[in-house]
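Chemist: The structure follows.
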Amino acid sequence: MKILVAVKRVIDYNVKVRVKADQSDVDLANVKMALNPFCEIAVEEAVRLKEKGIADEVVVVSIGPKAVQEQLRTALALGADRAIQVETDDMPDSLAVAKILKGVVEKEEPQLVILGKQAIDSDNNQTGQMLGALTGMPQGTFASKIDMADGSVNVTREVDGGLQTVKLQLPAIVTTDLRLNEPRYASLPNIMKAKRKPLDVTTADELGVNVARTVKLLKVEPPAERSAGVKVADVAELVDKLKNEAKVL
Amino acid sequence: MSILVIAEHDNKELSPATLKTLAAAQAIGGDIDVLVAGEGCQAVADEVAKADGVSKVRLADNAVYGHFLAENLGTLVAELAKDYGHILAPATTTGKNFMPRVAALLDVAQVSDIIAVESADTFKRPIYAGNAIATVQSEDAIKVITVRATAFDAVAAEGGNASIEAVDTVIDNDKSEFVGEELAESERPDLTAARVVISGGRGMQNGENFHLLEKVADKLGAAVGASRAAVDAGFVPNDMQVGQTGKIVAPELYIAVGISGAIQHLAGMKDSKVIVAINKDEEAPIFQVADYGLVADLFDVLPELEQAL
Ligand SMILES: Cc1cc2nc3c(=O)[nH]c(=O)nc-3n(C[C@H](O)[C@H](O)[C@H](O)COP(=O)(O)OP(=O)(O)OC[C@H]3O[C@@H](n4cnc5c(N)ncnc54)[C@H](O)[C@@H]3O)c2cc1C
Ligand SMILES: Cc1cc2nc3c(=O)[nH]c(=O)nc-3n(C[C@H](O)[C@H](O)[C@H](O)COP(=O)(O)OP(=O)(O)OC[C@H]3O[C@@H](n4cnc5c(N)ncnc54)[C@H](O)[C@@H]3O)c2cc1C
């Protein structure tokens, strides 16, 4: 069985972004970039399925400018076998990403496609579901556990009320939540090995996808800042302030 | 053009997030229809028909919608969508699950998690864990939008008198099926709707110690939340996680206990009206957003707080 994993290059989760002075966007110049944490979990899950002998090949794909090759190499170092970059000038929106991924799915014919539940930059949480609709594949989003069976997969999902389990016929789409696994660190030998693994480059044009945006970014502002309040000495003072000053008790 | 709001419910009761989504729809302006899709959910349709500003309730009552499977619900909504200019649903795990499918089937973008309506095509939404607010304008003929419920004040639950019309379309699929669920049973108010939330972090040390928080919560009528670290460590279940990738809350009072204040946690609670932080490390970043900070050991503070309330 082949697994396709979609990975996105995003700002490192430890970095607090700043808005550009002209409010056109956030300032990503010289900030540390990384593999989206949910995509890291997706790669880990695919690699574990391969280690268990359930999958025989793990292909990773990323869409974006040349820089995304860095994250593809990271994914290869974590154990993926082969990588595909779909080159675009900037980051296309989720629907375009989903259309491109559909093109890749048609070529590669994976039995399972694993994506992150959300990219921590746009916080959109939609690409996997869109890919599901475009390909007609069933989806198990926000997965905290997956059990492969013959021709199907059971996905336990983290939902607002608790946990829900669905059974999906393969080929299927899974999007990862935080509890699915704890990704490994890439070892130095694996990072070296990753440099020699195959990485193919294709384009959205070659896949016949138009990446025009229908949503325009008008401006980006910093959020209303909260300022630090006061320190209270003890519980009595805290309760007094909450009752008489903040009036929330 | 009119607006279709997809109701969130459990087949028995309407979720408060729907009334807040209706407020976003009113801000856009136009006739508002509500779709109630589920199984044995007539009571939900009756309830939402009374909400302020609803023109018509469309009721799709069929076993195929009973568990809100995205494959069925997404296709149903996409079929109904052609009559509308906007499709809105709350940005809950249910809304996030099926709405992007609706958008893709209609070949339009989705605008996720809006926090303000600027005009019928322009919206504000948080990006980068709420560290930036984007204003976006959609050129799509049908706008598919999920709404951050905490950013809108609920419309009145009573006073309206909308008609209820049955939707006969039955969409089923043979690729996905519901197997089971484990839902958290709690007498406490819902985390995302509670007036007071008290959350515990890694500092709680184990799940047992969450009883200390629960006792305070009982006194306050509060919901209990947690940081990711507390969920990952298995102290409490996933549905209690507050943050960028968990639940977004904005209560009148949020009390963070043994939580350091990572940006991902702050993203889920910093719109609370009053924030209290209890932490033994006076350098903890949570104090930078707290209105009232108490530098102390939580194991001393919680029993005292319970007594003092
Ligand atoms: C108006 C507007 C303007 C924007 N401008 C910019 C901009 O200037 N620069 C910029 O960097 N971003 C920009 N974005 C964000 C960009 O469009 C997103 O990267 C895009 O929407 C793609 O995915 P997502 O973050 O929505 O995915 P989500 O649905 O949040 O991500 C889920 C998963 O989808 C997969 N995935 C998502 N994107 C990719 C990808 N590119 N390759 C492979 N897998 C992927 C991953 O598995 C990921 O975990 C903008 C967004 C909007 C709405
Ligand atoms: C992709 C991604 C998504 C994430 N999403 C979320 C999210 O949605 N929500 C979320 O919360 N986190 C999220 N995180 C994790 C986040 O980065 C932090 O790791 C997490 O919030 C830390 O939890 P904590 O504050 O409980 O633990 P810690 O950072 O370990 O803090 C524990 C605090 O408890 C205090 N303490 C310890 N003992 C006591 C005591 N006896 N009395 C008083 N104080 C005490 C300590 O001083 C410390 O400040 C995410 C991370 C990533 C990478």
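Residues are named by chain letter and number: chains run A, B, ... in the order of the structure tokens, numbers start at 1 in each chain, and ligands are numbered from 1 in the order shown.
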Which protein, DNA or RNA residues have an atom within 7 Å of ligand 1, counting only C-alpha atoms and all ligand atoms, as a ChimeraX atom specification?
Modeler: /A:5-8,36,38-39,61-64,90-94,97,114-128,215-217 /B:136
Chemist: Within 7 Å of ligand 2 (counting only C-alpha atoms and all ligand atoms), which residues show up? I'd like them as a PyMOL selection string.
Modeler: (chain A and resi 13+37-38+120) or (chain B and resi 200-204+226-230+241-246+257-265+268+278-281+284+296-299)
Chemist: Counting only C-alpha atoms, figure out which residue out of B:Ile198, B:Leu59, B:Val224, B:Ala277 gets nearest to chain A.
Modeler: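 The answer is B:Ala277, which sits nearest to chain A.
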Chemist: Would you list the contacts of Leu253 (chain B) as a ChimeraX atom specification, taking every protein, DNA or RNA residue within 7 Å and counting only C-alpha atoms, but skipping same-chain residues closer than 2 positions in sequence?
Modeler: /A:248 /B:195-197,251,255,272-275
Chemist: Just want the 12 Å neighbourhood of Lys16 (chain A), counted on only C-alpha atoms, with same-chain residues fewer than 5 positions away dropped. Output as number ranges by chain.
Modeler: A: 11, 26-28, 31-33, 120-121, 222; B: 127-132, 262-264, 266-267
Chemist: Those same residues - N, CA, C and O atoms - I'd like them written as a JSON list (two decimals), in the first residue's frame.
Modeler:
[["chain", "number", "residue", "atom", "x", "y", "z"],
["A", 11, "ILE", "N", 5.83, 29.00, 9.36],
["A", 11, "ILE", "CA", 6.64, 29.63, 10.39],
["A", 11, "ILE", "C", 6.81, 28.66, 11.56],
["A", 11, "ILE", "O", 5.90, 27.90, 11.86],
["A", 26, "VAL", "N", 1.92, 39.72, 7.26],
["A", 26, "VAL", "CA", 2.86, 39.56, 8.36],
["A", 26, "VAL", "C", 4.27, 39.56, 7.77],
["A", 26, "VAL", "O", 4.46, 39.28, 6.59],
["A", 27, "ASP", "N", 5.23, 39.85, 8.62],
["A", 27, "ASP", "CA", 6.61, 39.92, 8.16],
["A", 27, "ASP", "C", 7.28, 38.57, 8.33],
["A", 27, "ASP", "O", 7.52, 38.13, 9.45],
["A", 28, "LEU", "N", 7.54, 37.89, 7.21],
["A", 28, "LEU", "CA", 8.16, 36.57, 7.30],
["A", 28, "LEU", "C", 9.64, 36.62, 6.90],
["A", 28, "LEU", "O", 10.28, 35.57, 6.77],
["A", 31, "VAL", "N", 12.46, 34.94, 9.33],
["A", 31, "VAL", "CA", 11.98, 34.18, 10.47],
["A", 31, "VAL", "C", 12.23, 32.70, 10.22],
["A", 31, "VAL", "O", 12.36, 32.26, 9.08],
["A", 32, "LYS", "N", 12.32, 31.95, 11.32],
["A", 32, "LYS", "CA", 12.61, 30.53, 11.19],
["A", 32, "LYS", "C", 11.38, 29.81, 10.64],
["A", 32, "LYS", "O", 10.26, 29.98, 11.12],
["A", 33, "MET", "N", 11.59, 29.01, 9.59],
["A", 33, "MET", "CA", 10.49, 28.25, 9.00],
["A", 33, "MET", "C", 10.67, 26.78, 9.36],
["A", 33, "MET", "O", 11.77, 26.32, 9.65],
["A", 120, "ILE", "N", -0.50, 25.88, 10.89],
["A", 120, "ILE", "CA", -0.51, 26.80, 12.02],
["A", 120, "ILE", "C", -0.28, 28.26, 11.60],
["A", 120, "ILE", "O", -0.23, 29.14, 12.44],
["A", 121, "ASP", "N", -0.14, 28.53, 10.31],
["A", 121, "ASP", "CA", -0.07, 29.93, 9.88],
["A", 121, "ASP", "C", -1.46, 30.45, 9.51],
["A", 121, "ASP", "O", -1.97, 31.40, 10.10],
["A", 222, "PRO", "N", -2.26, 43.90, 13.81],
["A", 222, "PRO", "CA", -2.00, 43.20, 15.07],
["A", 222, "PRO", "C", -3.30, 43.13, 15.88],
["A", 222, "PRO", "O", -4.17, 43.98, 15.72],
["B", 127, "ILE", "N", -5.26, 34.93, 12.17],
["B", 127, "ILE", "CA", -4.29, 34.00, 11.58],
["B", 127, "ILE", "C", -3.08, 33.94, 12.52],
["B", 127, "ILE", "O", -2.98, 34.74, 13.44],
["B", 128, "TYR", "N", -2.19, 33.00, 12.29],
["B", 128, "TYR", "CA", -1.00, 32.87, 13.14],
["B", 128, "TYR", "C", -1.36, 32.86, 14.62],
["B", 128, "TYR", "O", -0.89, 33.70, 15.40],
["B", 129, "ALA", "N", -2.20, 31.93, 15.01],
["B", 129, "ALA", "CA", -2.58, 31.76, 16.42],
["B", 129, "ALA", "C", -3.09, 33.06, 17.01],
["B", 129, "ALA", "O", -2.86, 33.35, 18.18],
["B", 130, "GLY", "N", -3.79, 33.84, 16.20],
["B", 130, "GLY", "CA", -4.37, 35.08, 16.73],
["B", 130, "GLY", "C", -3.36, 36.20, 16.89],
["B", 130, "GLY", "O", -3.70, 37.27, 17.41],
["B", 131, "ASN", "N", -2.15, 36.00, 16.41],
["B", 131, "ASN", "CA", -1.16, 37.07, 16.52],
["B", 131, "ASN", "C", -1.27, 38.09, 15.40],
["B", 131, "ASN", "O", -0.56, 39.09, 15.38],
["B", 132, "ALA", "N", -2.17, 37.84, 14.47],
["B", 132, "ALA", "CA", -2.47, 38.82, 13.43],
["B", 132, "ALA", "C", -3.93, 38.64, 13.05],
["B", 132, "ALA", "O", -4.48, 37.54, 13.14],
["B", 262, "ALA", "N", 1.79, 29.65, 26.86],
["B", 262, "ALA", "CA", 2.36, 29.54, 25.50],
["B", 262, "ALA", "C", 1.41, 30.23, 24.51],
["B", 262, "ALA", "O", 0.20, 30.28, 24.76],
["B", 263, "ILE", "N", 1.95, 30.73, 23.39],
["B", 263, "ILE", "CA", 1.09, 31.46, 22.44],
["B", 263, "ILE", "C", -0.08, 30.59, 21.97],
["B", 263, "ILE", "O", -1.17, 31.10, 21.76],
["B", 264, "GLN", "N", 0.16, 29.29, 21.86],
["B", 264, "GLN", "CA", -0.94, 28.44, 21.38],
["B", 264, "GLN", "C", -2.07, 28.37, 22.42],
["B", 264, "GLN", "O", -3.22, 28.19, 22.07],
["B", 266, "LEU", "N", -2.69, 30.89, 24.67],
["B", 266, "LEU", "CA", -3.26, 32.24, 24.70],
["B", 266, "LEU", "C", -4.25, 32.44, 23.55],
["B", 266, "LEU", "O", -5.27, 33.11, 23.69],
["B", 267, "ALA", "N", -3.95, 31.84, 22.39],
["B", 267, "ALA", "CA", -4.82, 31.99, 21.22],
["B", 267, "ALA", "C", -6.24, 31.55, 21.53],
["B", 267, "ALA", "O", -7.18, 32.02, 20.90]]
Chemist: Quick one: residues within 7 Å of region 99-107 of chain A, only C-alpha atoms, excluding same-chain residues fewer than 5 positions away - as a list in words?
Modeler: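 The filter keeps Leu131, Thr135, Ala204, Leu207 and Val209 of chain A.
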Chemist: Apply DSSP to the structure's backbone, then extract all residues of region 134-244 of chain A labelled helix (DSSP H, G or I) and return them as an MDAnalysis selection string.
Modeler: chainID A and resid 134:135 178:180 188:194 235:244
Chemist: Would you save the residues from that selection as a short mmCIF file (atom, residue, chain, number, x, y, z; two decimals), in the first residue's frame, using N, CA and C atoms?
Modeler:
data_model
loop_
_atom_site.label_atom_id
_atom_site.label_comp_id
_atom_site.auth_asym_id
_atom_site.auth_seq_id
_atom_site.Cartn_x
_atom_site.Cartn_y
_atom_site.Cartn_z
N LEU A 134 -13.26 16.73 -3.61
CA LEU A 134 -12.85 16.74 -5.02
C LEU A 134 -12.59 15.33 -5.56
N THR A 135 -12.07 14.46 -4.71
CA THR A 135 -11.73 13.11 -5.18
C THR A 135 -12.85 12.11 -4.91
N LEU A 178 -3.34 16.30 17.46
CA LEU A 178 -2.10 16.26 18.24
C LEU A 178 -1.81 14.92 18.89
N ARG A 179 -2.86 14.20 19.26
CA ARG A 179 -2.64 12.98 20.04
C ARG A 179 -2.37 11.75 19.18
N LEU A 180 -2.31 11.89 17.87
CA LEU A 180 -2.12 10.70 17.02
C LEU A 180 -0.81 10.00 17.32
N LEU A 188 21.11 12.22 12.59
CA LEU A 188 22.07 12.77 11.63
C LEU A 188 22.27 11.85 10.42
N PRO A 189 22.47 10.54 10.64
CA PRO A 189 22.62 9.66 9.46
C PRO A 189 21.39 9.71 8.55
N ASN A 190 20.21 9.81 9.15
CA ASN A 190 19.00 9.87 8.32
C ASN A 190 18.90 11.19 7.56
N ILE A 191 19.40 12.26 8.16
CA ILE A 191 19.41 13.54 7.47
C ILE A 191 20.35 13.45 6.26
N MET A 192 21.48 12.78 6.44
CA MET A 192 22.42 12.60 5.34
C MET A 192 21.78 11.73 4.24
N LYS A 193 21.18 10.64 4.67
CA LYS A 193 20.54 9.73 3.71
C LYS A 193 19.45 10.45 2.90
N ALA A 194 18.73 11.34 3.59
CA ALA A 194 17.60 12.04 2.95
C ALA A 194 18.06 12.85 1.76
N VAL A 235 -5.15 34.98 48.26
CA VAL A 235 -6.48 34.60 47.79
C VAL A 235 -7.53 35.63 48.21
N ALA A 236 -7.40 36.15 49.43
CA ALA A 236 -8.40 37.11 49.91
C ALA A 236 -8.42 38.35 49.02
N GLU A 237 -7.23 38.83 48.67
CA GLU A 237 -7.19 40.02 47.81
C GLU A 237 -7.75 39.70 46.42
N LEU A 238 -7.42 38.50 45.93
CA LEU A 238 -7.92 38.09 44.61
C LEU A 238 -9.46 38.10 44.59
N VAL A 239 -10.05 37.45 45.57
CA VAL A 239 -11.50 37.35 45.62
C VAL A 239 -12.13 38.75 45.76
N ASP A 240 -11.50 39.57 46.58
CA ASP A 240 -11.99 40.93 46.76
C ASP A 240 -11.98 41.71 45.43
N LYS A 241 -10.87 41.61 44.71
CA LYS A 241 -10.76 42.31 43.42
C LYS A 241 -11.79 41.80 42.42
N LEU A 242 -11.96 40.48 42.38
CA LEU A 242 -12.91 39.91 41.42
C LEU A 242 -14.33 40.34 41.73
N LYS A 243 -14.61 40.48 43.04
CA LYS A 243 -15.97 40.89 43.44
C LYS A 243 -16.18 42.38 43.23
N ASN A 244 -15.26 43.17 43.73
CA ASN A 244 -15.52 44.61 43.83
C ASN A 244 -14.92 45.45 42.71
#
